[in-house]
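> To start, I am sharing the structure in question, which I have written as structure tokens.
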Amino acid sequence: MSTSAGRNWTTPVGWAVSLLAPTVLTFALVAAGGPKSRDYTFLYLGLVAIVAVSFGLRPSLLAAVTSFGLIDYFLVPPLHTFTIAAEQDIVNLVVLLGAAGLVGGLGSLRRRALLRSEALAIDLKQANQDLARLNRDQADAARIALRLAVTEEQVKALEESDRVRREFLANVSHDLRTPISTILTGSTAIAGDPAISPATREAMESIEGEARRLNTVVADMLDMARIEGNALDLHLEPVDLVVAATSAVERFRRRGSERAFSLPRTSDTVLVLADWGRLGQVLDNLLSNAERAAPSGSPIDLRVTADPDKGVGVVEVHDAGPGIPAELGSRVFDRFIRGDGVNSGTGLGLAIVKGLTEAQGGRAWIAPVAGGATVAFSLPLARTAEGRSASLGRAEDVDVHVLEPADDIRGEGP
């Protein structure tokens, strides 16, 4: 029970006891035939003292006045009248009131001290609870701060490690360009010399092929360093995706690729805002990946469309290979992710596709298909002078070579 509740409970009880206790004592004395001496005064005095100790000053004063009235009316002759018959009655009144005042005052002080001590105990208990909660909160905050500090240090260390790695790859790749170019020039010149033996020519051609492959790896590493360092130099302009896709196919023809490429004929142009060179690099990487993944003799299908509602032009490259493993998913666009038919070259091809596409405001993704694999990318449509999307112009104004769905591009270049 709280202090205020205890005070509210003892006050009415004290008043009731102050009235009832003297009355009960008086009727007990009267029933016993009345007192034979004035020693009954000590009984009332003890009663007043008990009330004073138990309930304080005010109830004890009421008990004293009630006791004196009952004594005067029932026990002091003349009975049943309120008179002060002798000096002893005055002494009784003074003694009762004095005892009530003295003991009641001390009792009130004691009760107030007790109530204050109870209130202090409650306050101390609440303070201890608050302090314990504060200590727990501070401990939790300290643990969180420590974890944040450790995490921040780990992030800084990872960022620094990644920065050092990128700089190292960029520097090494840049330094490798010169010796690779020298090897390529020398091996090509020697292989073209008619005076060398067939064995030497074969060895030089092998060296030239390996040098070209190494040059491709170094070029990919440099591109990744530029992409991750936001150091790409892009010249964005309206570019027709149909022309870009056709040019990529023609480049494969000139390299002597025996692969069949299918690009449906269309009379529409799809103008996007892109860098011509970097867009060609994206298409070359996708076609190279598809050529490595597709079985010999199977075609590689290209599809160019526009989505005016989304404001993008889309290119899809599909091959009939084993497809992309489900456990890889979109991770095929991460660096050095390789698998059967998936980025089985340097492991950077699709990562470069994603980086170059996003640098030009587009995105790349794996399109769901029933068989094989389809890698797609989108670029924002170019805007006309009137602010409309230049997505579906006519192809008569563009010199572009397109194929019917059944046509293939094969053999040597034109």
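To be explicit about the labels: the chains of the structure tokens are called A, B, and onward in the order shown, and within each one the residues are counted from 1, while ligands get numbers from 1 in the order they are shown.
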Write down as a PyMOL selection string the residues of range 190-366 of chain A whose backbone DSSP state falls under alpha helix (DSSP H).
chain A and resi 190-191+198-228+241-254+276-293+349-359
> Any chance you could list, as a list in words, the residues in range 47-280 of chain A that come up strand (DSSP E or B) when DSSP is run on the backbone?
Glu237, Pro238, Val239, Asp240, Phe261, Ser262, Asp268, Thr269, Leu271, Val272, Leu273 and Ala274 of chain A
